[in-house]
file final-v9.tsv (TSV, C-alpha atoms)
chain	number	residue	atom	x	y	z
A	1173	MET	CA	-9.22	-17.27	13.49
A	1174	LYS	CA	-12.15	-18.07	11.28
A	1175	LYS	CA	-11.58	-16.48	7.91
A	1176	LEU	CA	-14.36	-14.04	7.08
A	1177	LEU	CA	-15.66	-13.65	3.54
A	1178	PHE	CA	-16.75	-10.23	2.35
A	1179	SER	CA	-19.26	-9.72	-0.44
A	1180	VAL	CA	-19.09	-5.93	-0.62
A	1181	THR	CA	-18.30	-4.91	-4.20
A	1182	THR	CA	-19.21	-1.23	-4.18
A	1183	THR	CA	-18.00	0.33	-7.41
A	1184	LEU	CA	-15.71	3.31	-6.92
A	1185	LEU	CA	-16.05	5.71	-9.84
A	1186	LEU	CA	-13.70	8.36	-11.10
A	1187	ILE	CA	-15.49	11.71	-11.41
A	1188	SER	CA	-16.13	13.11	-14.86
A	1189	LEU	CA	-14.38	16.10	-16.41
A	1190	PHE	CA	-17.39	18.18	-15.53
A	1191	ALA	CA	-17.22	17.09	-11.93
A	1192	VAL	CA	-13.47	17.72	-11.88
A	1193	GLY	CA	-14.14	21.29	-12.91
A	1194	ALA	CA	-16.77	21.68	-10.23
A	1195	PHE	CA	-14.48	20.12	-7.67
A	1196	ALA	CA	-11.61	22.42	-8.59
A	1197	ALA	CA	-13.87	25.43	-8.12
A	1198	ALA	CA	-14.96	24.10	-4.73
A	1199	ALA	CA	-11.35	23.53	-3.77
A	1200	ASP	CA	-10.48	27.10	-4.70
A	1201	ASP	CA	-13.42	28.34	-2.62
A	1202	ALA	CA	-12.27	26.21	0.31
A	1203	LYS	CA	-8.85	27.86	0.18
A	1204	ALA	CA	-10.30	31.34	0.15
A	1205	ASN	CA	-9.06	33.64	2.91
A	1206	GLY	CA	-6.34	31.14	3.77
A	1207	GLN	CA	-8.74	28.63	5.27
A	1208	GLU	CA	-7.51	25.06	5.48
A	1209	GLN	CA	-9.28	22.52	3.33
A	1210	ILE	CA	-11.09	19.66	5.03
A	1211	ARG	CA	-11.74	16.41	3.15
A	1212	VAL	CA	-15.24	15.17	3.95
A	1213	LEU	CA	-17.53	12.25	3.10
A	1214	ILE	CA	-21.14	13.36	2.54
A	1215	GLN	CA	-24.11	11.00	2.67
A	1216	ALA	CA	-27.56	12.36	1.81
A	1217	ALA	CA	-31.05	11.39	2.93
A	1218	ASN	CA	-32.27	11.09	-0.67
A	1219	ASP	CA	-31.15	11.56	-4.28
A	1220	ALA	CA	-32.46	15.11	-4.59
A	1221	VAL	CA	-30.53	16.25	-1.52
A	1222	GLU	CA	-27.42	14.48	-2.77
A	1223	GLU	CA	-27.56	16.11	-6.20
A	1224	LYS	CA	-27.96	19.54	-4.63
A	1225	ALA	CA	-24.99	18.94	-2.31
A	1226	LYS	CA	-22.89	17.75	-5.26
A	1227	ALA	CA	-23.81	20.89	-7.21
A	1228	ASN	CA	-22.93	23.11	-4.26
A	1229	TYR	CA	-19.67	21.50	-3.17
A	1230	GLY	CA	-18.39	19.46	-6.13
A	1231	VAL	CA	-17.37	15.80	-6.20
A	1232	ARG	CA	-13.91	14.31	-5.75
A	1233	HIS	CA	-14.90	10.63	-5.59
A	1234	ASP	CA	-18.38	9.13	-5.81
A	1235	PHE	CA	-18.81	6.03	-3.66
A	1236	ASN	CA	-22.47	5.50	-4.60
A	1237	ALA	CA	-24.42	4.32	-1.53
A	1238	LYS	CA	-21.51	5.27	0.73
A	1239	GLY	CA	-21.76	8.91	-0.38
A	1240	PHE	CA	-19.25	11.20	-2.07
A	1241	THR	CA	-16.13	13.07	-0.98
A	1242	THR	CA	-15.07	16.66	-1.53
A	1243	ASN	CA	-13.00	19.46	0.05
A	1244	VAL	CA	-14.59	22.24	2.12
A	1245	ASN	CA	-13.41	24.98	4.45
A	1246	GLN	CA	-14.26	25.18	8.16
A	1247	LYS	CA	-17.26	27.47	7.63
A	1248	GLN	CA	-18.69	25.11	5.01
A	1249	PHE	CA	-18.02	22.10	7.23
A	1250	ASP	CA	-19.90	23.72	10.14
A	1251	ALA	CA	-22.84	24.51	7.86
A	1252	LEU	CA	-22.93	20.97	6.49
A	1253	GLN	CA	-23.06	19.50	9.98
A	1254	LYS	CA	-26.19	21.54	10.73
A	1255	ASN	CA	-28.00	20.12	7.70
A	1256	LYS	CA	-30.33	17.42	9.03
A	1257	ASN	CA	-30.58	15.83	5.58
A	1258	LEU	CA	-26.85	15.18	5.37
A	1259	GLU	CA	-24.46	12.97	7.30
A	1260	VAL	CA	-20.98	14.51	7.15
A	1261	SER	CA	-17.73	13.02	8.42
A	1262	LYS	CA	-14.06	13.83	7.96
A	1263	VAL	CA	-12.16	11.46	5.67
A	1264	ASP	CA	-9.43	9.48	7.42
A	1265	LYS	CA	-5.80	10.32	6.77
A	1266	VAL	CA	-3.24	7.59	6.10
A	1267	SER	CA	0.55	7.80	6.32
A	1268	LEU	CA	3.61	5.81	5.31
A	1269	GLU	CA	5.03	2.98	7.41
A	1270	ALA	CA	8.76	3.71	7.52
A	1271	LYS	CA	10.76	4.36	10.65
A	1272	PRO	CA	12.20	7.88	10.81
A	1273	GLY	CA	15.94	8.00	10.49
A	1274	SER	CA	18.84	10.01	9.17
A	1275	SER	CA	19.47	10.04	5.44
A	1276	ASN	CA	22.40	8.01	4.20
A	1277	ASN	CA	21.94	8.42	0.47
A	1278	ARG	CA	24.72	7.44	-1.93
A	1279	ALA	CA	25.49	7.82	-5.63
A	1280	LEU	CA	26.03	4.06	-5.98
A	1281	PRO	CA	24.64	1.26	-3.82
A	1282	SER	CA	26.96	-0.20	-1.22
A	1283	ASP	CA	25.59	-3.61	-2.21
A	1284	GLN	CA	23.76	-4.36	-5.47
A	1285	THR	CA	21.92	-7.23	-3.81
A	1286	PRO	CA	21.37	-6.00	-0.23
A	1287	TRP	CA	20.84	-8.38	2.66
A	1288	GLY	CA	17.10	-8.52	2.02
A	1289	MET	CA	17.70	-9.90	-1.47
A	1290	GLU	CA	20.19	-12.46	-0.16
A	1291	ALA	CA	17.69	-13.49	2.52
A	1292	ILE	CA	14.61	-13.82	0.33
A	1293	TYR	CA	16.57	-15.67	-2.37
A	1294	ASN	CA	18.25	-17.73	0.37
A	1295	ASP	CA	21.57	-17.14	-1.38
A	1296	SER	CA	24.35	-15.15	0.29
A	1297	SER	CA	26.38	-15.05	-2.93
A	1298	ILE	CA	23.64	-13.78	-5.25
A	1299	THR	CA	24.75	-10.98	-7.60
A	1300	THR	CA	21.58	-10.38	-9.65
A	1301	THR	CA	17.90	-11.23	-9.39
A	1302	ASP	CA	15.25	-12.17	-11.96
A	1303	GLY	CA	11.58	-12.88	-12.50
A	1304	GLY	CA	8.19	-11.21	-12.52
A	1305	ASP	CA	7.59	-11.30	-16.29
A	1306	ASN	CA	4.18	-9.96	-17.34
A	1307	ILE	CA	3.12	-9.18	-13.76
A	1308	ARG	CA	2.11	-5.67	-12.73
A	1309	VAL	CA	2.89	-4.34	-9.28
A	1310	ALA	CA	0.86	-1.30	-8.30
A	1311	VAL	CA	2.84	0.58	-5.66
A	1312	LEU	CA	0.49	2.95	-3.81
A	1313	ASP	CA	2.84	5.40	-2.13
A	1314	THR	CA	4.52	8.82	-2.53
A	1315	GLY	CA	5.13	8.24	-6.24
A	1316	VAL	CA	8.34	7.29	-7.98
A	1317	ALA	CA	11.31	9.39	-9.04
A	1318	ASP	CA	13.29	9.36	-12.28
A	1319	HIS	CA	15.82	6.64	-11.47
A	1320	VAL	CA	18.02	4.60	-13.79
A	1321	ASP	CA	17.21	1.38	-11.90
A	1322	LEU	CA	13.45	1.86	-12.32
A	1323	ASN	CA	12.82	3.77	-15.54
A	1324	SER	CA	12.64	0.78	-17.87
A	1325	ASN	CA	9.98	-0.87	-15.70
A	1326	VAL	CA	7.56	2.04	-15.22
A	1327	GLU	CA	4.38	1.28	-17.20
A	1328	GLN	CA	1.84	3.53	-15.45
A	1329	CYS	CA	2.33	6.77	-13.55
A	1330	LYS	CA	-0.68	8.39	-11.86
A	1331	ASP	CA	-1.14	11.04	-9.18
A	1332	PHE	CA	-4.19	10.74	-6.91
A	1333	SER	CA	-2.87	13.13	-4.24
A	1334	GLN	CA	-3.49	16.57	-5.74
A	1335	MET	CA	-6.10	18.72	-4.01
A	1336	ARG	CA	-7.49	20.42	-7.13
A	1337	THR	CA	-8.16	17.23	-9.05
A	1338	SER	CA	-8.76	13.59	-8.18
A	1339	LEU	CA	-6.37	12.19	-10.81
A	1340	GLU	CA	-3.46	13.39	-12.93
A	1341	GLU	CA	-2.32	10.96	-15.59
A	1342	GLY	CA	1.33	10.60	-16.57
A	1343	THR	CA	2.79	12.19	-13.45
A	1344	CYS	CA	3.79	10.62	-10.13
A	1345	THR	CA	6.78	12.69	-9.00
A	1346	ASP	CA	8.27	11.57	-5.70
A	1347	LYS	CA	9.96	14.27	-3.62
A	1348	ASN	CA	9.79	12.22	-0.43
A	1349	GLY	CA	11.80	9.12	-1.36
A	1350	HIS	CA	9.61	6.51	0.31
A	1351	GLY	CA	7.76	5.41	-2.82
A	1352	THR	CA	10.95	5.25	-4.89
A	1353	HIS	CA	12.59	3.14	-2.17
A	1354	VAL	CA	9.65	0.72	-2.02
A	1355	ALA	CA	9.48	0.39	-5.81
A	1356	GLY	CA	13.19	-0.40	-5.94
A	1357	THR	CA	12.84	-3.28	-3.51
A	1358	VAL	CA	10.06	-4.73	-5.65
A	1359	LEU	CA	11.60	-4.48	-9.11
A	1360	ALA	CA	14.80	-2.44	-9.50
A	1361	ASP	CA	16.77	-3.92	-12.40
A	1362	GLY	CA	20.31	-2.70	-11.75
A	1363	GLY	CA	20.02	0.05	-14.35
A	1364	ALA	CA	21.22	0.27	-17.93
A	1365	ASP	CA	24.81	0.56	-16.68
A	1366	GLY	CA	24.49	-2.56	-14.50
A	1367	LEU	CA	25.84	-0.67	-11.50
A	1368	GLY	CA	22.60	-0.20	-9.60
A	1369	VAL	CA	20.58	-2.15	-7.08
A	1370	TYR	CA	18.32	-5.14	-7.72
A	1371	GLY	CA	14.81	-5.79	-6.45
A	1372	VAL	CA	13.07	-9.13	-5.96
A	1373	ALA	CA	11.33	-9.23	-9.37
A	1374	PRO	CA	13.16	-6.96	-11.85
A	1375	ASP	CA	11.16	-8.20	-14.85
A	1376	ALA	CA	7.81	-7.05	-13.42
A	1377	LYS	CA	6.18	-3.80	-14.55
A	1378	LEU	CA	5.56	-0.90	-12.18
A	1379	TRP	CA	2.28	0.96	-11.81
A	1380	ALA	CA	3.35	3.94	-9.72
A	1381	TYR	CA	0.24	5.37	-8.04
A	1382	LYS	CA	1.00	8.46	-5.99
A	1383	VAL	CA	-1.61	8.44	-3.19
A	1384	LEU	CA	0.49	10.17	-0.53
A	1385	ASN	CA	1.83	13.70	-0.74
A	1386	ASP	CA	5.49	14.61	-0.39
A	1387	ARG	CA	5.07	14.77	3.40
A	1388	GLY	CA	4.01	11.11	3.36
A	1389	SER	CA	0.30	11.45	4.17
A	1390	GLY	CA	-2.88	11.10	2.15
A	1391	TYR	CA	-6.63	10.61	2.29
A	1392	SER	CA	-8.45	7.31	2.45
A	1393	ASP	CA	-10.82	8.17	-0.42
A	1394	ASP	CA	-7.89	8.73	-2.80
A	1395	ILE	CA	-6.29	5.47	-1.70
A	1396	ALA	CA	-9.56	3.58	-2.10
A	1397	ASN	CA	-9.97	4.97	-5.60
A	1398	ALA	CA	-6.41	3.94	-6.52
A	1399	ILE	CA	-6.92	0.40	-5.19
A	1400	LYS	CA	-10.02	-0.06	-7.29
A	1401	MET	CA	-8.38	1.45	-10.35
A	1402	ALA	CA	-5.46	-0.98	-10.09
A	1403	ALA	CA	-7.87	-3.92	-9.93
A	1404	ASP	CA	-9.95	-2.57	-12.82
A	1405	GLU	CA	-6.86	-1.93	-14.94
A	1406	GLY	CA	-5.74	-5.49	-14.38
A	1407	GLN	CA	-9.11	-6.82	-15.46
A	1408	ALA	CA	-9.30	-4.54	-18.49
A	1409	ASN	CA	-5.81	-5.46	-19.69
A	1410	GLY	CA	-5.96	-9.15	-18.83
A	1411	VAL	CA	-2.92	-9.01	-16.53
A	1412	ASN	CA	-2.25	-10.17	-12.98
A	1413	VAL	CA	-1.80	-7.35	-10.47
A	1414	VAL	CA	-0.15	-7.21	-7.05
A	1415	ILE	CA	-1.20	-4.13	-5.06
A	1416	SER	CA	1.55	-3.11	-2.63
A	1417	MET	CA	0.78	-0.66	0.18
A	1418	SER	CA	3.50	0.42	2.59
A	1419	LEU	CA	1.13	2.76	4.39
A	1420	GLY	CA	-1.32	2.58	7.23
A	1421	ALA	CA	-3.49	4.06	9.95
A	1422	SER	CA	-4.41	2.96	13.45
A	1423	SER	CA	-8.13	2.86	12.66
A	1424	GLU	CA	-10.11	1.27	9.85
A	1425	SER	CA	-11.43	3.24	6.89
A	1426	THR	CA	-14.51	1.59	5.42
A	1427	LEU	CA	-13.70	3.19	2.05
A	1428	ILE	CA	-10.33	1.43	1.96
A	1429	SER	CA	-11.75	-1.80	3.40
A	1430	ASP	CA	-14.40	-1.96	0.70
A	1431	ALA	CA	-11.79	-1.21	-1.97
A	1432	VAL	CA	-9.45	-3.96	-0.71
A	1433	THR	CA	-12.32	-6.45	-0.79
A	1434	TYR	CA	-13.26	-5.25	-4.28
A	1435	ALA	CA	-9.67	-5.77	-5.48
A	1436	ASN	CA	-9.51	-9.22	-3.90
A	1437	ASN	CA	-12.82	-10.21	-5.48
A	1438	ASN	CA	-11.54	-9.01	-8.85
A	1439	GLY	CA	-8.36	-11.06	-8.92
A	1440	ALA	CA	-5.68	-8.80	-7.45
A	1441	LEU	CA	-3.42	-9.73	-4.54
A	1442	VAL	CA	-3.26	-7.01	-1.88
A	1443	VAL	CA	-0.11	-6.81	0.27
A	1444	ALA	CA	0.14	-4.26	3.11
A	1445	ALA	CA	2.47	-3.26	5.91
A	1446	ALA	CA	1.69	-4.47	9.42
A	1447	GLY	CA	2.80	-1.16	10.95
A	1448	ASN	CA	5.57	0.14	13.19
A	1449	SER	CA	3.84	0.21	16.59
A	1450	GLY	CA	5.39	-2.95	18.08
A	1451	PRO	CA	6.31	-4.88	20.06
A	1452	ASP	CA	2.98	-4.86	21.92
A	1453	ALA	CA	0.23	-7.23	20.81
A	1454	ASN	CA	-2.75	-6.05	18.74
A	1455	THR	CA	-0.94	-3.06	17.31
A	1456	ILE	CA	-1.27	-3.98	13.63
A	1457	GLY	CA	-2.50	-1.10	11.48
A	1458	TYR	CA	-4.99	-0.83	8.61
A	1459	PRO	CA	-5.30	-1.89	5.84
A	1460	GLY	CA	-2.82	-4.61	6.88
A	1461	ALA	CA	-5.26	-5.75	9.59
A	1462	LEU	CA	-7.93	-6.67	7.03
A	1463	GLU	CA	-8.64	-10.30	6.11
A	1464	ASP	CA	-8.30	-9.55	2.42
A	1465	ALA	CA	-4.80	-8.09	2.74
A	1466	VAL	CA	-1.52	-9.95	3.32
A	1467	ALA	CA	-0.03	-8.23	6.39
A	1468	VAL	CA	3.78	-8.17	6.46
A	1469	ALA	CA	5.97	-7.89	9.57
A	1470	ALA	CA	9.60	-6.71	9.51
A	1471	LEU	CA	12.69	-8.85	10.12
A	1472	GLU	CA	16.19	-7.66	10.92
A	1473	ASP	CA	19.54	-9.10	9.88
A	1474	THR	CA	20.16	-10.63	13.29
A	1475	GLN	CA	20.07	-14.31	14.13
A	1476	GLU	CA	18.16	-15.46	17.20
A	1477	ASN	CA	17.21	-19.06	17.95
A	1478	GLY	CA	18.66	-19.99	14.58
A	1479	THR	CA	16.46	-17.67	12.47
A	1480	TYR	CA	16.11	-14.01	11.56
A	1481	ARG	CA	14.61	-11.83	14.26
A	1482	VAL	CA	11.33	-9.86	14.16
A	1483	ALA	CA	12.19	-6.19	14.72
A	1484	ASP	CA	10.89	-4.67	17.94
A	1485	PHE	CA	9.23	-1.84	16.04
A	1486	SER	CA	7.20	-4.26	13.90
A	1487	SER	CA	3.52	-4.28	14.87
A	1488	ARG	CA	2.17	-7.48	16.34
A	1489	GLY	CA	-1.14	-9.21	15.74
A	1490	ASN	CA	-3.55	-11.09	17.97
A	1491	PRO	CA	-1.80	-13.62	20.28
A	1492	ASN	CA	-5.07	-15.40	21.01
A	1493	THR	CA	-5.02	-16.89	17.52
A	1494	ASP	CA	-1.47	-18.25	17.55
A	1495	GLY	CA	-1.05	-21.67	16.02
A	1496	ASP	CA	-4.26	-21.95	14.01
A	1497	TYR	CA	-2.77	-21.14	10.58
A	1498	GLN	CA	-5.88	-19.15	9.68
A	1499	ILE	CA	-6.03	-15.47	8.78
A	1500	GLY	CA	-8.56	-13.13	10.36
A	1501	ARG	CA	-8.65	-9.50	11.31
A	1502	LEU	CA	-5.62	-8.17	13.19
A	1503	ASP	CA	-3.40	-11.06	12.06
A	1504	VAL	CA	0.17	-10.81	10.82
A	1505	GLU	CA	0.41	-13.20	7.88
A	1506	VAL	CA	4.09	-13.32	6.87
A	1507	SER	CA	7.37	-11.55	7.61
A	1508	ALA	CA	10.26	-10.28	5.48
A	1509	PRO	CA	13.41	-8.11	5.73
A	1510	GLY	CA	12.53	-4.63	6.98
A	1511	ARG	CA	15.39	-3.16	9.01
A	1512	ALA	CA	18.31	-1.33	7.35
A	1513	ILE	CA	17.11	-1.94	3.79
A	1514	GLU	CA	19.05	-0.30	0.96
A	1515	SER	CA	17.16	0.70	-2.17
A	1516	THR	CA	16.61	3.42	-4.75
A	1517	TRP	CA	16.07	7.04	-3.64
A	1518	TYR	CA	14.32	10.09	-5.05
A	1519	ASP	CA	17.55	11.95	-5.91
A	1520	GLY	CA	18.64	9.19	-8.28
A	1521	GLY	CA	20.92	7.62	-5.66
A	1522	TYR	CA	20.38	5.07	-2.89
A	1523	ASN	CA	19.36	5.16	0.75
A	1524	THR	CA	19.02	2.77	3.69
A	1525	ILE	CA	15.88	3.01	5.84
A	1526	SER	CA	13.75	0.72	8.02
A	1527	GLY	CA	10.12	-0.20	8.60
A	1528	THR	CA	7.40	-2.65	7.71
A	1529	SER	CA	7.21	-0.38	4.66
A	1530	MET	CA	10.47	-1.99	3.57
A	1531	ALA	CA	9.32	-5.54	4.40
A	1532	THR	CA	6.13	-5.23	2.34
A	1533	PRO	CA	7.78	-4.80	-1.11
A	1534	HIS	CA	9.93	-7.88	-0.53
A	1535	VAL	CA	6.72	-9.91	-0.32
A	1536	SER	CA	5.09	-8.01	-3.20
A	1537	GLY	CA	8.12	-8.74	-5.36
A	1538	LEU	CA	8.13	-12.40	-4.35
A	1539	ALA	CA	4.43	-12.61	-5.18
A	1540	ALA	CA	5.14	-11.19	-8.64
A	1541	LYS	CA	7.95	-13.68	-9.18
A	1542	ILE	CA	5.81	-16.67	-8.12
A	1543	TRP	CA	2.85	-15.51	-10.22
A	1544	ALA	CA	5.05	-15.18	-13.30
A	1545	GLN	CA	6.20	-18.76	-12.79
A	1546	ASN	CA	2.61	-19.92	-12.27
A	1547	PRO	CA	0.45	-17.76	-14.58
A	1548	GLY	CA	-2.54	-20.04	-14.06
A	1549	PHE	CA	-2.67	-19.22	-10.35
A	1550	SER	CA	-5.61	-17.22	-9.02
A	1551	ASN	CA	-4.88	-14.60	-6.37
A	1552	THR	CA	-6.15	-17.15	-3.82
A	1553	ASP	CA	-3.69	-19.76	-5.10
A	1554	LEU	CA	-0.88	-17.22	-4.94
A	1555	ARG	CA	-1.69	-16.28	-1.37
A	1556	ALA	CA	-1.75	-19.94	-0.37
A	1557	GLU	CA	1.67	-20.43	-1.98
A	1558	LEU	CA	3.08	-17.50	0.00
A	1559	GLN	CA	1.68	-19.02	3.18
A	1560	ASN	CA	3.12	-22.44	2.35
A	1561	ARG	CA	6.57	-21.01	1.71
A	1562	ALA	CA	6.37	-19.01	4.92
A	1563	THR	CA	5.36	-22.08	6.91
A	1564	ALA	CA	8.42	-23.89	5.54
A	1565	ASN	CA	10.68	-21.14	6.91
A	1566	ASP	CA	9.55	-20.55	10.48
A	1567	ILE	CA	10.78	-17.49	12.41
A	1568	LEU	CA	11.78	-18.04	16.03
A	1569	GLY	CA	13.52	-14.76	16.88
A	1570	GLY	CA	11.98	-11.64	18.39
A	1571	LEU	CA	9.34	-10.89	21.00
A	1572	GLY	CA	6.26	-13.00	20.32
A	1573	ALA	CA	7.90	-15.24	17.75
A	1574	ALA	CA	7.39	-18.95	18.42
A	1575	SER	CA	7.25	-22.28	16.64
A	1576	GLY	CA	4.49	-22.26	14.03
A	1577	ASP	CA	1.96	-19.52	13.33
A	1578	ASP	CA	2.52	-16.65	15.78
A	1579	TYR	CA	1.39	-13.06	16.29
A	1580	ALA	CA	4.83	-11.57	15.59
A	1581	SER	CA	6.03	-13.24	12.36
A	1582	GLY	CA	2.80	-14.85	11.16
A	1583	PHE	CA	3.33	-18.09	9.25
A	1584	GLY	CA	7.01	-17.27	8.77
A	1585	PHE	CA	9.31	-15.84	6.08
A	1586	PRO	CA	8.43	-16.87	2.49
A	1587	GLN	CA	11.45	-17.24	0.19
A	1588	VAL	CA	12.27	-17.81	-3.47
A	1589	ASN	CA	14.11	-21.06	-2.81

call {"tool": "encode", "arguments": {"input": "final-v9.tsv", "output": "structure tokens"}}
result
Amino acid sequence: MKKLLFSVTTTLLLISLFAVGAFAAAADDAKANGQEQIRVLIQAANDAVEEKAKANYGVRHDFNAKGFTTNVNQKQFDALQKNKNLEVSKVDKVSLEAKPGSSNNRALPSDQTPWGMEAIYNDSSITTTDGGDNIRVAVLDTGVADHVDLNSNVEQCKDFSQMRTSLEEGTCTDKNGHGTHVAGTVLADGGADGLGVYGVAPDAKLWAYKVLNDRGSGYSDDIANAIKMAADEGQANGVNVVISMSLGASSESTLISDAVTYANNNGALVVAAAGNSGPDANTIGYPGALEDAVAVAALEDTQENGTYRVADFSSRGNPNTDGDYQIGRLDVEVSAPGRAIESTWYDGGYNTISGTSMATPHVSGLAAKIWAQNPGFSNTDLRAELQNRATANDILGGLGAASGDDYASGFGFPQVN
């Protein structure tokens, strides 16, 4: 797979307070008479037409040459489609990448260092974890709950998922659980009482960006805006940022693709779930399927051919590129624990769930830990180090797994030691 280089650096701008007010009014109008709101991307034939459309419908996010997004009702959407000076399309929806399952939440964890921590640290007797100092991990998900194992690490909390406004600062409430679970795997610190669960890099700081609603779905324009904001915040504050996305869609959103490339070009490492549509080939979802994102497959705590096994549900990449140790579109890059993962939950307790959603934060946490140990690394250096560690720990179990780079496990399973 020949690695492709993108040069798209479209700036994604937050709308002004004035535009927020206009957008809120448009959102209220869209909800009139109980009509469902439709998120649309509008591209105009010229600046005058664009300014008029913005005045009429409001602006949620302005993507410059790509157009702007807003919410409309069905009647407004039909009218927009008839306007020959406008190109109007529905904005893609994106959802979380966890396997559905019954809740098994507990007041205390059954294991403070669950099997995923033992596996990634390559230490079955580990009792605590460490690392990640001065690294920020932006978890783009359903938000994060008030949890004793996470509270001391939360540095930013933002909500991009509200319909009436494009951004709410200082709030990221998670009533789903998915985002809290993912964040715990990255950087839970055992809590002030020392009785909680540990993540891979408990000394890292959490940027909790709520881009999915409490049902676990969201819009690609909000996600794109959050990706760019994470990269910009890292640049502005002079800190290294890992962007962790346990979400996906079966088709590509150019808004998200451009944002991922922007983040990569501006020094952030983007890690994303491969998806849960396996075991067939070429089932990897987006944004994991992009060249500028590290796509993570899910392993289970079962030994096969002397290694962990790739879960059947884990999406597979392109088998035609096996063995080349290059990353292109539709390629799984690495794999990590993703079945039956215990972590923090939105009710303040703990829960065990499965998915490439759960594998992704293991790699995001490992990336934070490695970056803290090597602060001079660029994001390109960090990605190469993850690949090298994965290559040193080949995965041979599961459909499609084979010696070397394969479409099921990628380069392999990167570990701390």

call {"tool": "residues_around", "arguments": {"input": "final-v9.tsv", "residues": "Pro1533 of chain A", "least_positions_apart": "6", "cutoff": "10 Å", "atoms": "all atoms listed in the file", "output": "number ranges by chain"}}
result
A: 1309, 1311, 1353-1359, 1371-1372, 1415-1418, 1443-1445, 1468, 1508-1510, 1539

call {"tool": "residues_around", "arguments": {"input": "final-v9.tsv", "residues": "Ser1429 of chain A", "least_positions_apart": "4", "cutoff": "7 Å", "atoms": "all atoms listed in the file", "output": "compact mmCIF listing (two decimals) with C-alpha atoms, in the frame of the given file"}}
result
# COMPACT_ATOMS: atom_id res chain seq x y z
CA SER A 1425 -11.43 3.24 6.89
CA THR A 1433 -12.32 -6.45 -0.79
CA PRO A 1459 -5.30 -1.89 5.84

call {"tool": "closest_residue", "arguments": {"input": "final-v9.tsv", "among": "A:Gly1351, A:Gly1500, A:Gly1447, A:Gly1569", "to": "Gly1460 of chain A", "atoms": "only C-alpha atoms"}}
result
A:Gly1447

call {"tool": "residues_around", "arguments": {"input": "final-v9.tsv", "residues": "Leu1312 of chain A", "least_positions_apart": "3", "cutoff": "12 Å", "atoms": "only C-alpha atoms", "output": "mmCIF file with C-alpha atoms, in the frame of the given file"}}
result
data_model
loop_
_atom_site.group_PDB
_atom_site.id
_atom_site.type_symbol
_atom_site.label_atom_id
_atom_site.label_comp_id
_atom_site.auth_asym_id
_atom_site.auth_seq_id
_atom_site.Cartn_x
_atom_site.Cartn_y
_atom_site.Cartn_z
ATOM 1 C CA VAL A 1266 -3.240 7.590 6.100
ATOM 2 C CA SER A 1267 0.550 7.800 6.320
ATOM 3 C CA LEU A 1268 3.610 5.810 5.310
ATOM 4 C CA VAL A 1309 2.890 -4.340 -9.280
ATOM 5 C CA GLY A 1315 5.130 8.240 -6.240
ATOM 6 C CA VAL A 1316 8.340 7.290 -7.980
ATOM 7 C CA GLN A 1328 1.840 3.530 -15.450
ATOM 8 C CA CYS A 1329 2.330 6.770 -13.550
ATOM 9 C CA LYS A 1330 -0.680 8.390 -11.860
ATOM 10 C CA ASP A 1331 -1.140 11.040 -9.180
ATOM 11 C CA PHE A 1332 -4.190 10.740 -6.910
ATOM 12 C CA SER A 1333 -2.870 13.130 -4.240
ATOM 13 C CA CYS A 1344 3.790 10.620 -10.130
ATOM 14 C CA ASP A 1346 8.270 11.570 -5.700
ATOM 15 C CA HIS A 1350 9.610 6.510 0.310
ATOM 16 C CA GLY A 1351 7.760 5.410 -2.820
ATOM 17 C CA THR A 1352 10.950 5.250 -4.890
ATOM 18 C CA VAL A 1354 9.650 0.720 -2.020
ATOM 19 C CA ALA A 1355 9.480 0.390 -5.810
ATOM 20 C CA LEU A 1378 5.560 -0.900 -12.180
ATOM 21 C CA TRP A 1379 2.280 0.960 -11.810
ATOM 22 C CA ALA A 1380 3.350 3.940 -9.720
ATOM 23 C CA TYR A 1381 0.240 5.370 -8.040
ATOM 24 C CA LYS A 1382 1.000 8.460 -5.990
ATOM 25 C CA VAL A 1383 -1.610 8.440 -3.190
ATOM 26 C CA LEU A 1384 0.490 10.170 -0.530
ATOM 27 C CA ASN A 1385 1.830 13.700 -0.740
ATOM 28 C CA GLY A 1388 4.010 11.110 3.360
ATOM 29 C CA SER A 1389 0.300 11.450 4.170
ATOM 30 C CA GLY A 1390 -2.880 11.100 2.150
ATOM 31 C CA SER A 1392 -8.450 7.310 2.450
ATOM 32 C CA ASP A 1394 -7.890 8.730 -2.800
ATOM 33 C CA ILE A 1395 -6.290 5.470 -1.700
ATOM 34 C CA ALA A 1396 -9.560 3.580 -2.100
ATOM 35 C CA ASN A 1397 -9.970 4.970 -5.600
ATOM 36 C CA ALA A 1398 -6.410 3.940 -6.520
ATOM 37 C CA ILE A 1399 -6.920 0.400 -5.190
ATOM 38 C CA LYS A 1400 -10.020 -0.060 -7.290
ATOM 39 C CA MET A 1401 -8.380 1.450 -10.350
ATOM 40 C CA ALA A 1402 -5.460 -0.980 -10.090
ATOM 41 C CA VAL A 1414 -0.150 -7.210 -7.050
ATOM 42 C CA ILE A 1415 -1.200 -4.130 -5.060
ATOM 43 C CA SER A 1416 1.550 -3.110 -2.630
ATOM 44 C CA MET A 1417 0.780 -0.660 0.180
ATOM 45 C CA SER A 1418 3.500 0.420 2.590
ATOM 46 C CA LEU A 1419 1.130 2.760 4.390
ATOM 47 C CA GLY A 1420 -1.320 2.580 7.230
ATOM 48 C CA VAL A 1442 -3.260 -7.010 -1.880
ATOM 49 C CA VAL A 1443 -0.110 -6.810 0.270
ATOM 50 C CA ALA A 1444 0.140 -4.260 3.110
ATOM 51 C CA ALA A 1445 2.470 -3.260 5.910
ATOM 52 C CA SER A 1529 7.210 -0.380 4.660
ATOM 53 C CA THR A 1532 6.130 -5.230 2.340
ATOM 54 C CA PRO A 1533 7.780 -4.800 -1.110
ATOM 55 C CA SER A 1536 5.090 -8.010 -3.200
#
